[in-house]
Structure formats: C-alpha cells, structure tokens
>>> print(open('protein_14.txt').read())   # compact mmCIF, C-alpha atoms
# COMPACT_ATOMS: atom_id res chain seq x y z
CA MET A 268 1.91 13.11 3.45
CA TYR A 269 5.09 12.67 5.49
CA ILE A 270 3.07 11.67 8.56
CA ILE A 271 1.38 8.94 6.52
CA ILE A 272 4.78 7.78 5.26
CA ALA A 273 6.08 7.65 8.83
CA ILE A 274 3.11 5.58 10.03
CA LEU A 275 3.42 3.19 7.09
CA ALA A 276 7.17 2.91 7.74
CA PHE A 277 6.53 1.75 11.32
CA GLY A 278 4.09 -0.82 9.99
CA VAL A 279 6.64 -2.10 7.50
CA LEU A 280 9.36 -2.29 10.18
CA ILE A 281 7.17 -4.43 12.44
CA ALA A 282 5.94 -6.57 9.53
CA VAL A 283 9.55 -7.21 8.42
CA HIS A 284 10.43 -8.15 12.00
CA GLU A 285 7.60 -10.68 12.15
CA LEU A 286 8.54 -11.96 8.70
CA GLY A 287 11.95 -12.82 10.11
CA HIS A 288 10.34 -14.92 12.85
CA PHE A 289 8.04 -16.54 10.28
CA LEU A 290 10.75 -17.53 7.82
CA ALA A 291 13.00 -18.87 10.58
CA ALA A 292 10.13 -20.82 12.15
CA LYS A 293 9.24 -22.42 8.81
CA ALA A 294 12.90 -23.25 8.15
CA CYS A 295 13.19 -24.86 11.59
CA GLY A 296 10.01 -26.92 11.19
CA VAL A 297 7.95 -25.04 13.79
CA LYS A 298 4.20 -24.91 13.20
CA VAL A 299 2.96 -21.38 12.47
CA ASN A 300 -0.78 -21.00 13.06
CA GLU A 301 -1.10 -17.51 11.57
CA PHE A 302 1.01 -14.90 9.83
CA SER A 303 -0.60 -11.50 9.47
CA ILE A 304 0.41 -8.23 7.89
CA GLY A 305 -1.29 -5.37 9.71
CA MET A 306 -3.57 -5.46 12.71
CA GLY A 307 -7.32 -5.37 13.31
CA PRO A 308 -10.05 -7.01 11.20
CA ALA A 309 -8.84 -9.03 8.23
CA ILE A 310 -9.31 -7.67 4.71
CA LEU A 311 -8.01 -10.80 3.02
CA LYS A 312 -7.51 -14.31 4.36
CA LYS A 313 -6.04 -17.44 2.85
CA GLN A 314 -5.75 -20.73 4.66
CA GLY A 315 -2.58 -22.55 3.71
CA LYS A 316 -1.75 -26.16 4.48
CA GLU A 317 -1.35 -25.27 8.17
CA THR A 318 -0.91 -21.48 8.33
CA LEU A 319 -3.59 -18.81 8.01
CA TYR A 320 -2.25 -15.87 5.99
CA ALA A 321 -4.05 -12.58 6.56
CA LEU A 322 -3.90 -8.96 5.43
CA ARG A 323 -5.49 -6.77 8.08
CA CYS A 324 -6.92 -3.27 7.81
CA LEU A 325 -4.60 -1.32 10.14
CA PRO A 326 -1.10 -0.86 8.62
CA ILE A 327 0.64 -0.85 12.00
CA GLY A 328 2.60 -4.06 12.06
CA GLY A 329 1.75 -7.71 12.05
CA TYR A 330 2.38 -10.91 13.96
CA CYS A 331 3.61 -14.47 13.63
CA ALA A 332 1.57 -16.81 15.87
CA MET A 333 3.58 -19.98 16.48
CA GLU A 334 2.19 -23.10 18.09
CA GLY A 335 3.12 -23.30 21.78
CA GLU A 336 5.00 -20.01 22.11
CA ASP A 337 4.45 -19.68 25.88
CA GLU A 338 3.20 -23.11 26.91
CA ASP A 339 3.57 -26.74 25.92
CA THR A 340 0.51 -27.62 23.82
CA GLY A 341 1.58 -31.22 23.30
CA ASP A 342 2.31 -30.70 19.59
CA GLU A 343 5.73 -32.06 18.63
CA ARG A 344 6.19 -29.10 16.28
CA ALA A 345 5.40 -26.54 18.99
CA PHE A 346 7.97 -23.81 19.58
CA THR A 347 8.57 -24.86 23.18
CA ARG A 348 9.42 -28.43 22.11
CA GLN A 349 12.22 -27.41 19.75
CA PRO A 350 15.93 -27.66 20.61
CA ALA A 351 17.39 -24.53 22.20
CA TRP A 352 19.42 -23.65 19.10
CA LYS A 353 16.34 -23.64 16.89
CA ARG A 354 14.39 -21.45 19.32
CA ALA A 355 17.34 -19.06 19.51
CA ILE A 356 17.50 -18.75 15.71
CA ILE A 357 13.78 -18.02 15.52
CA LEU A 358 13.96 -15.41 18.29
CA VAL A 359 16.97 -13.60 16.80
CA ALA A 360 15.61 -13.68 13.23
CA GLY A 361 13.22 -10.76 13.77
CA ALA A 362 15.93 -8.35 14.91
CA LEU A 363 18.25 -9.62 12.18
CA MET A 364 15.65 -8.81 9.53
CA ASN A 365 15.30 -5.26 10.90
CA PHE A 366 19.07 -4.82 10.76
CA ILE A 367 19.23 -6.17 7.21
CA MET A 368 16.43 -3.81 6.19
CA GLY A 369 18.34 -0.84 7.62
CA PHE A 370 21.53 -1.95 5.86
CA ILE A 371 19.77 -2.32 2.50
CA ILE A 372 18.29 1.18 2.80
CA VAL A 373 21.76 2.58 3.54
CA VAL A 374 23.25 0.74 0.52
CA ILE A 375 20.57 2.25 -1.73
CA LEU A 376 21.03 5.74 -0.28
CA TYR A 377 24.79 5.78 -0.85
CA SER A 378 24.78 3.97 -4.20
CA GLY A 379 25.01 7.33 -5.96
CA ALA A 380 27.70 8.87 -3.73
CA ASN A 381 30.76 10.40 -5.40
CA TYR A 382 33.08 10.52 -2.39
CA PHE A 383 33.24 10.07 1.37
CA VAL A 384 35.14 12.14 3.93
CA GLY A 385 37.80 10.08 5.69
CA ASN A 386 39.64 10.44 9.00
CA THR A 387 43.03 11.67 7.79
CA ILE A 388 44.00 15.31 8.37
CA VAL A 389 45.00 16.87 5.06
CA ASP A 390 45.57 20.38 6.37
CA THR A 391 44.62 22.89 9.05
CA ILE A 392 43.02 26.29 8.56
CA ASP A 393 45.27 29.33 8.77
CA GLY A 394 45.48 30.41 12.38
CA PHE A 395 44.67 26.93 13.74
CA LYS A 396 44.87 27.37 17.52
CA TYR A 397 45.58 23.82 18.68
CA ALA A 398 48.64 22.78 16.68
CA GLU A 399 51.18 22.85 19.50
CA ASN A 400 51.90 19.27 20.66
CA GLY A 401 48.75 18.19 18.86
CA ILE A 402 47.36 17.24 15.49
CA GLU A 403 49.57 17.53 12.42
CA PRO A 404 48.71 17.29 8.71
CA GLY A 405 49.02 13.66 7.66
CA ASP A 406 47.73 12.30 10.99
CA ARG A 407 45.00 9.67 10.73
CA ILE A 408 42.68 9.89 13.71
CA TYR A 409 42.39 6.40 15.17
CA SER A 410 40.27 6.94 18.28
CA ILE A 411 38.78 9.59 20.56
CA ASP A 412 38.37 8.69 24.24
CA GLY A 413 38.62 5.02 23.30
CA HIS A 414 36.06 5.18 20.49
CA ARG A 415 37.27 4.16 17.03
CA VAL A 416 37.12 6.80 14.34
CA TYR A 417 36.56 5.61 10.76
CA TYR A 418 35.26 8.70 8.99
CA GLN A 419 34.93 12.42 9.65
CA GLU A 420 31.42 11.86 11.05
CA ASP A 421 32.89 9.91 13.95
CA PHE A 422 35.31 12.74 14.71
CA SER A 423 32.46 15.27 14.85
CA MET A 424 30.19 12.99 16.90
CA TYR A 425 32.70 12.10 19.62
CA MET A 426 34.17 15.59 19.81
CA SER A 427 30.67 17.00 20.32
CA ARG A 428 30.24 14.66 23.31
CA SER A 429 33.51 15.77 24.93
CA ASN A 430 34.24 18.74 27.17
CA GLY A 431 36.91 20.02 24.80
CA ASN A 432 39.71 17.84 26.22
CA VAL A 433 40.08 14.33 24.83
CA ASP A 434 42.48 11.42 24.77
CA MET A 435 43.09 11.13 21.06
CA VAL A 436 45.12 8.44 19.32
CA VAL A 437 46.46 9.24 15.84
CA ILE A 438 48.43 7.18 13.35
CA ARG A 439 51.57 9.17 12.54
CA ASP A 440 54.29 7.72 10.30
CA GLY A 441 52.75 4.27 10.75
CA GLU A 442 52.77 4.37 14.55
CA LYS A 443 50.11 5.14 17.14
CA VAL A 444 50.65 8.42 18.99
CA LEU A 445 48.60 9.29 22.08
CA LEU A 446 47.58 12.93 22.47
CA GLU A 447 46.60 12.77 26.11
CA ASP A 448 44.11 15.32 27.46
CA TYR A 449 44.39 17.16 24.15
CA GLU A 450 42.45 20.42 24.01
CA LEU A 451 40.53 20.82 20.76
CA ALA A 452 37.37 22.85 20.32
CA PRO A 453 35.52 24.58 17.48
CA ASP A 454 36.38 28.22 17.07
CA TYR A 455 35.85 31.12 14.69
CA TYR A 456 38.12 31.06 11.65
CA THR A 457 38.16 32.99 8.40
CA ASP A 458 37.46 30.84 5.35
CA GLU A 459 38.63 31.34 1.75
CA ASP A 460 35.75 33.74 1.07
CA GLY A 461 36.65 35.91 4.05
CA GLU A 462 33.63 34.68 6.02
CA GLN A 463 33.74 33.83 9.70
CA VAL A 464 33.02 30.14 10.26
CA TYR A 465 32.72 28.21 13.52
CA VAL A 466 34.64 24.98 12.90
CA TYR A 467 37.39 22.75 14.29
CA GLY A 468 39.83 24.10 11.76
CA LEU A 469 40.66 20.75 10.18
CA THR A 470 40.42 19.52 6.59
CA PHE A 471 39.88 15.78 6.10
CA ASN A 472 40.75 13.61 3.11
CA ALA A 473 38.23 12.74 0.41
CA ILE A 474 37.78 9.06 -0.56
CA GLU A 475 36.58 8.23 -4.05
CA ALA A 476 33.32 6.30 -3.81
CA ASN A 477 33.92 3.22 -5.94
CA PHE A 478 31.81 0.07 -5.50
CA TRP A 479 33.85 -1.33 -2.61
CA GLN A 480 34.07 2.00 -0.82
CA LYS A 481 30.29 2.39 -1.06
CA LEU A 482 29.82 -1.10 0.38
CA ARG A 483 32.40 -0.40 3.10
CA TYR A 484 30.73 2.88 4.00
CA SER A 485 27.30 1.21 4.15
CA VAL A 486 28.67 -1.40 6.58
CA TYR A 487 30.29 1.37 8.62
CA CYS A 488 27.10 3.44 8.64
CA SER A 489 25.00 0.51 9.86
CA TYR A 490 27.58 -0.24 12.55
CA ASN A 491 27.58 3.43 13.52
CA PHE A 492 23.81 3.29 13.98
CA VAL A 493 24.42 0.57 16.57
CA ARG A 494 26.98 2.78 18.34
CA ILE A 495 24.50 5.68 18.39
CA VAL A 496 21.84 3.46 19.97
CA TRP A 497 24.29 2.23 22.63
CA MET A 498 25.33 5.79 23.41
CA GLY A 499 21.70 6.72 23.94
CA LEU A 500 21.09 3.71 26.19
CA THR A 501 24.28 4.47 28.14
CA ASP A 502 23.21 8.08 28.64
CA LEU A 503 19.84 6.87 29.88
CA VAL A 504 21.35 4.41 32.37
CA THR A 505 24.00 6.84 33.65
CA GLY A 506 21.51 9.68 34.04
CA ASN A 507 23.00 11.87 31.32
CA ALA A 508 19.60 11.69 29.64
CA GLY A 509 16.12 11.28 31.09
CA LEU A 510 12.87 9.77 29.87
CA ASP A 511 11.65 13.28 29.05
CA GLU A 512 14.38 13.45 26.39
CA MET A 513 13.37 10.18 24.76
CA ALA A 514 10.97 10.11 21.83
CA GLY A 515 8.13 7.65 21.47
CA VAL A 516 6.17 6.76 18.35
CA VAL A 517 4.43 10.16 18.22
CA GLY A 518 7.72 12.01 18.61
CA ILE A 519 9.43 9.95 15.91
CA VAL A 520 6.52 10.46 13.51
CA SER A 521 6.65 14.19 14.24
CA THR A 522 10.42 14.27 13.62
CA ILE A 523 10.04 12.45 10.30
CA ASN A 524 7.34 14.93 9.29
CA ASP A 525 9.55 17.89 10.30
CA VAL A 526 12.49 16.49 8.32
CA GLY A 527 10.30 16.03 5.26
CA GLN A 528 8.83 19.52 5.53
CA ALA A 529 12.26 21.13 6.00
CA SER A 530 13.81 19.44 2.94
CA ALA A 531 14.31 21.58 -0.16
CA THR A 532 12.84 19.05 -2.60
CA SER A 533 10.73 15.92 -2.47
CA ALA A 534 13.73 13.81 -3.52
CA ILE A 535 15.83 15.17 -0.66
CA ALA A 536 12.91 14.69 1.72
CA PHE A 537 12.53 11.02 0.81
CA ALA A 538 16.29 10.47 1.10
CA ASN A 539 16.40 12.09 4.55
CA ILE A 540 13.35 10.15 5.70
CA ALA A 541 14.82 6.90 4.37
CA TYR A 542 17.98 7.59 6.38
CA LEU A 543 15.89 8.05 9.55
CA ILE A 544 13.96 4.85 8.83
CA ALA A 545 17.25 2.96 8.44
CA LEU A 546 18.39 4.34 11.79
CA ILE A 547 15.08 3.35 13.40
CA ALA A 548 15.30 -0.16 11.88
CA VAL A 549 18.74 -0.73 13.41
CA ASN A 550 17.55 0.88 16.64
CA LEU A 551 14.67 -1.61 16.84
CA ALA A 552 17.06 -4.49 16.15
CA VAL A 553 19.39 -3.49 18.98
CA VAL A 554 16.73 -2.58 21.54
CA ASN A 555 14.70 -5.71 20.81
CA MET A 556 17.69 -7.89 21.69
CA LEU A 557 18.11 -6.36 25.16
CA PRO A 558 17.58 -9.00 27.91
CA ILE A 559 14.25 -7.49 28.97
CA PRO A 560 11.11 -9.63 29.52
CA ALA A 561 8.66 -9.54 26.59
CA LEU A 562 11.41 -8.58 24.13
CA ASP A 563 13.12 -11.19 21.98
CA GLY A 564 16.34 -10.55 23.88
CA GLY A 565 14.52 -11.38 27.11
CA ARG A 566 13.27 -14.61 25.58
CA VAL A 567 16.79 -15.52 24.50
CA PHE A 568 18.02 -14.76 28.02
CA PHE A 569 15.43 -17.06 29.59
CA LEU A 570 16.25 -19.67 26.96
CA LEU A 571 19.85 -19.67 28.20
CA VAL A 572 18.67 -19.79 31.82
CA ASN A 573 16.44 -22.77 31.03
CA VAL A 574 19.34 -24.60 29.34
CA ILE A 575 21.49 -24.06 32.44
CA VAL A 576 18.69 -25.19 34.78
CA GLU A 577 18.13 -28.34 32.71
CA LYS A 578 21.86 -29.14 32.75
CA VAL A 579 22.20 -28.60 36.52
CA PHE A 580 18.89 -29.91 37.88
CA ARG A 581 17.92 -32.34 35.08
CA LYS A 582 14.47 -30.81 35.02
CA LYS A 583 12.67 -28.58 32.54
CA VAL A 584 11.14 -25.30 33.65
CA ASN A 585 7.41 -25.06 32.95
CA PRO A 586 7.04 -22.60 30.00
CA LYS A 587 3.96 -21.00 31.59
CA TYR A 588 6.08 -19.38 34.31
CA GLU A 589 8.24 -17.70 31.72
CA GLY A 590 5.02 -16.65 30.01
CA TYR A 591 3.89 -14.90 33.20
CA ILE A 592 7.17 -12.99 33.37
CA HIS A 593 6.93 -11.88 29.75
CA ALA A 594 3.30 -10.83 30.27
CA ALA A 595 4.38 -8.67 33.22
CA GLY A 596 7.21 -7.25 31.11
CA MET A 597 4.75 -6.38 28.37
CA VAL A 598 2.62 -4.45 30.85
CA VAL A 599 5.67 -2.46 31.95
CA LEU A 600 6.70 -1.77 28.35
CA LEU A 601 3.20 -0.62 27.46
CA GLY A 602 3.28 1.71 30.47
CA LEU A 603 6.61 3.11 29.28
CA MET A 604 5.18 3.64 25.81
CA VAL A 605 2.26 5.57 27.29
CA VAL A 606 4.69 7.80 29.22
CA LEU A 607 6.71 8.46 26.06
CA VAL A 608 3.56 9.27 24.08
CA VAL A 609 2.45 11.74 26.77
CA ASN A 610 5.92 13.34 26.71
CA ASP A 611 5.78 13.55 22.92
CA VAL A 612 2.38 15.22 22.96
CA MET A 613 3.45 17.68 25.66
CA ARG A 614 6.53 18.66 23.62
CA ILE A 615 4.47 19.13 20.46
CA VAL A 616 1.67 21.19 22.02
CA GLY A 617 4.12 23.07 24.25
>>> encode(input="protein_14.txt", output="structure tokens")
Amino acid sequence: MYIIIAILAFGVLIAVHELGHFLAAKACGVKVNEFSIGMGPAILKKQGKETLYALRCLPIGGYCAMEGEDEDTGDERAFTRQPAWKRAIILVAGALMNFIMGFIIVVILYSGANYFVGNTIVDTIDGFKYAENGIEPGDRIYSIDGHRVYYQEDFSMYMSRSNGNVDMVVIRDGEKVLLEDYELAPDYYTDEDGEQVYVYGLTFNAIEANFWQKLRYSVYCSYNFVRIVWMGLTDLVTGNAGLDEMAGVVGIVSTINDVGQASATSAIAFANIAYLIALIAVNLAVVNMLPIPALDGGRVFFLLVNVIVEKVFRKKVNPKYEGYIHAAGMVVLLGLMVVLVVNDVMRIVG
C-alpha cells in the first residue's frame, strides 16, 4: 500500500508542477494547446475553447503543452513571443507550486502540535563535560559554523555535520558571544531514571504552539528543507557525497515504503510519509530551478542570456538553438536518472 502511495505522490507532485505552469500561462495570455493529468493513453478528454484537457491512464505526472515553447510558430500568443517577464513567471510557477504544496503539507502536519523545542539552553545535565569557557544556561544558540540556528533541530543537524569542534555564536545577556573552536560532542550521561544516554547534555526551551508559532514553525521547516537540499548539493559538488549515495525514484519509493512499514500505527505512517513528501516537494522546487539545460532554471538562465544578447547586439536568438541545448540536457538528465535507478536497485537487492 505504501509503495502505491509513494507512486501516486510522485504523480501528484509532477501534476501540481505542471498546474503551476498552466495557471501562469493562462494568466499571462499564452496559448495552451493541452493540459494533461497523467501520462499515456487518455481515459477522458475534453476540448475547451483552445485547450485540450485530458486525464491519462498512468498516474505518473502530467504536462502543459504551450504554443511555441521551443520555436517561433508565428502565433502572437506563443510562449516565445511573450515579454521576458511573462516567460519568467511561467517558468518559475511550476517550482513555486511545488514549494507551496510542501508548505501546505507542513502546516497541516503541525496544526495539532502542542509545543516546539527552541534554541535556548535551559540547563545542562549533571556532569556536563563541556561547560568550561563554553555554553551556559540561558544562552540562545545563534549560529554554528556560520549557519543560523532557529530550533533544536538545527543544533542537532549542524553539530552532526561537524568534527566535534565548531565556531558557535550564542546570544548571552543580549550580546553575541563567539565560542571559537568550541569542543562539544555527544557523550554518555546518566538520566533521571539512572539510565545511560548518549546525548549532548543540553536541555532546550519549550515553546507553546499557538497559532502564530505553528505558522512560524511551518515557515521555518519549509526553509530548512531548502537548506537540507543545498547541503546535499554542496556535498555532491565538493565530493563529500557521491552519486552512489544519491537516491533516485526507486530509492525514494523504497524509503517511503520502509518508513510506512516501520511506523507504529497507520496514522503515524501517513504523517511520516506526508513529511517526506513535503521534503521531496521542496526538493523538486529547488533542484528544478538550478541553471541546468532542460530544467526550468536552465530555461530562466537562457532567458536572461537572450535578454542580454538582444540588448547588446540588437538581435534575437533563434529559439530552436536553445531547444537543441535543452534536448541535449534532457538526454543527460535521463542518463543520470538511469544511473540512479540502477544504484537504487543494486542497494535494494544487495
């Protein structure tokens, strides 16, 4: 069941993305020849005044076919004939819809929260080993190695990526205090029940989850998803992570299934899966806006290049050349997807 949910979720994410392009195109007066939900043979079709609306049999996405996307067809309402600002809005709208979808899921998930864990140190565990010239109760952790800390989750995330020594900035008595090369690592402590626990030895403040705090936390959580995506991309570029550590569609579906199976109840399973889907939605929004050919970000990049060329040389670039570049980019992206799928399958069967 969870595998089916994961597959349907991917279809919805892509359909929502294309819906963003569709709504923006209509608002900007661009002719849309077809808007389809799903792929493959059509189950239902309805011809509108100018747009064919279709529901197709494979629930794996959809598409918004605009007039003159990659070449000038001579139609005044073609995409390529629109002002640059209109084309930019249409191109960005898909990623924006994915981000909004992720944000809405997060808002729903945390609508029933009672409290959130903040970034202020309330106390330290007895025997705390890193108190000398370091953290004190009452300190509000502002940043770790230059990364802003808003809630306890940020503290845990950035500390886990450190080697145990960090440049930490705290707010103490209303002023910023730099704890340079501060050593702080999890260790074994004895809790109130006499059990040995492996923790950082810090207790953070609890924040009552009223309406505004829930909204604030939802904004923070969505923003944090963006930071997580950028960290992953940075690790990939710097060599801290390789393609073999990335997950493709098969790997993500498998992870969603594992999360669902490992959850204690169906309600918890759906909540955990919804959280992953929100993360994936924001991930798609960020990645899709990278300046890579075939992605919307690549199209926006070439749009800016074309504007500059027109300003400097007083001549428009033939859209078909950009189309060739995007076609080549699509081939590369498809090849990358195949590699990721093979890696996913090898991990699963291995």
>>> closest_residue(input="protein_14.txt", among="A:Ile371, A:Val279, A:Ala309, A:Gly329", to="Ser485 in chain A", atoms="all atoms listed in the file")
A:Ile371
>>> residues_around(input="protein_14.txt", residues="range 549-560 of chain A", least_positions_apart="6", cutoff="8 Å", atoms="all atoms listed in the file", output="list in words")
Val359, Gly361, Ala362, Leu363, Asn365, Phe366, Gly369, Ser489, Phe492, Val493, Val496, Arg566, Val567, Phe568, Ile592, His593, Ala594, Ala595, Gly596 and Met597 of chain A
>>> residues_around(input="protein_14.txt", residues="Arg428 in chain A", least_positions_apart="4", cutoff="12 Å", atoms="only C-alpha atoms", output="PyMOL selection string")
chain A and resi 411-412+414+421-424+432-433+452+495+498-499+502+507
>>> residues_around(input="protein_14.txt", residues="Pro586 in chain A", least_positions_apart="4", cutoff="7 Å", atoms="all atoms listed in the file", output="list in words")
Asp337, Glu338, Asp339 and Gly590 of chain A
>>> closest_residue(input="protein_14.txt", among="A:Leu275, A:Val416, A:Met306, A:Met364", to="His288 in chain A", atoms="all atoms listed in the file")
A:Met364
>>> closest_residue(input="protein_14.txt", among="A:Gly405, A:Tyr465, A:Asn491, A:Leu319", to="Tyr425 in chain A", atoms="only C-alpha atoms")
A:Asn491
>>> closest_residue(input="protein_14.txt", among="A:Thr347, A:Val374, A:Val574, A:Glu336", to="Ala538 in chain A", atoms="only C-alpha atoms")
A:Val374
>>> atom_distance(input="protein_14.txt", atom1="CA of Leu570 in chain A", atom2="CA of Phe370 in chain A")
28.1 Å
>>> atom_distance(input="protein_14.txt", atom1="CA of Leu280 in chain A", atom2="CA of Gly328 in chain A")
7.2 Å
>>> atom_distance(input="protein_14.txt", atom1="CA of Asn524 in chain A", atom2="CA of Leu500 in chain A")
24.5 Å
>>> residues_around(input="protein_14.txt", residues="Ile615 in chain A", least_positions_apart="3", cutoff="12 Å", atoms="only C-alpha atoms", output="PyMOL selection string")
chain A and resi 514+517-522+525+608-612
>>> write_last_selection(input="protein_14.txt", atoms="C-alpha atoms", output="PDB file, keeping the file's coordinate frame")
ATOM      1  CA  ALA A 514      10.970  10.110  21.830  1.00  0.00           C
ATOM      2  CA  VAL A 517       4.430  10.160  18.220  1.00  0.00           C
ATOM      3  CA  GLY A 518       7.720  12.010  18.610  1.00  0.00           C
ATOM      4  CA  ILE A 519       9.430   9.950  15.910  1.00  0.00           C
ATOM      5  CA  VAL A 520       6.520  10.460  13.510  1.00  0.00           C
ATOM      6  CA  SER A 521       6.650  14.190  14.240  1.00  0.00           C
ATOM      7  CA  THR A 522      10.420  14.270  13.620  1.00  0.00           C
ATOM      8  CA  ASP A 525       9.550  17.890  10.300  1.00  0.00           C
ATOM      9  CA  VAL A 608       3.560   9.270  24.080  1.00  0.00           C
ATOM     10  CA  VAL A 609       2.450  11.740  26.770  1.00  0.00           C
ATOM     11  CA  ASN A 610       5.920  13.340  26.710  1.00  0.00           C
ATOM     12  CA  ASP A 611       5.780  13.550  22.920  1.00  0.00           C
ATOM     13  CA  VAL A 612       2.380  15.220  22.960  1.00  0.00           C
TER      14      VAL A 612
END
>>> closest_residue(input="protein_14.txt", among="A:Ala534, A:Ala282, A:Val466, A:Tyr330", to="Phe302 in chain A", atoms="all atoms listed in the file")
A:Tyr330
>>> residues_around(input="protein_14.txt", residues="range 443-447 of chain A", least_positions_apart="6", cutoff="7 Å", atoms="all atoms listed in the file", output="JSON, numbers by chain")
{"A": [401, 433, 434, 435, 436, 437]}
>>> closest_residue(input="protein_14.txt", among="A:Phe580, A:Leu562, A:Ser410, A:Tyr269", to="Gln528 in chain A", atoms="only C-alpha atoms")
A:Tyr269
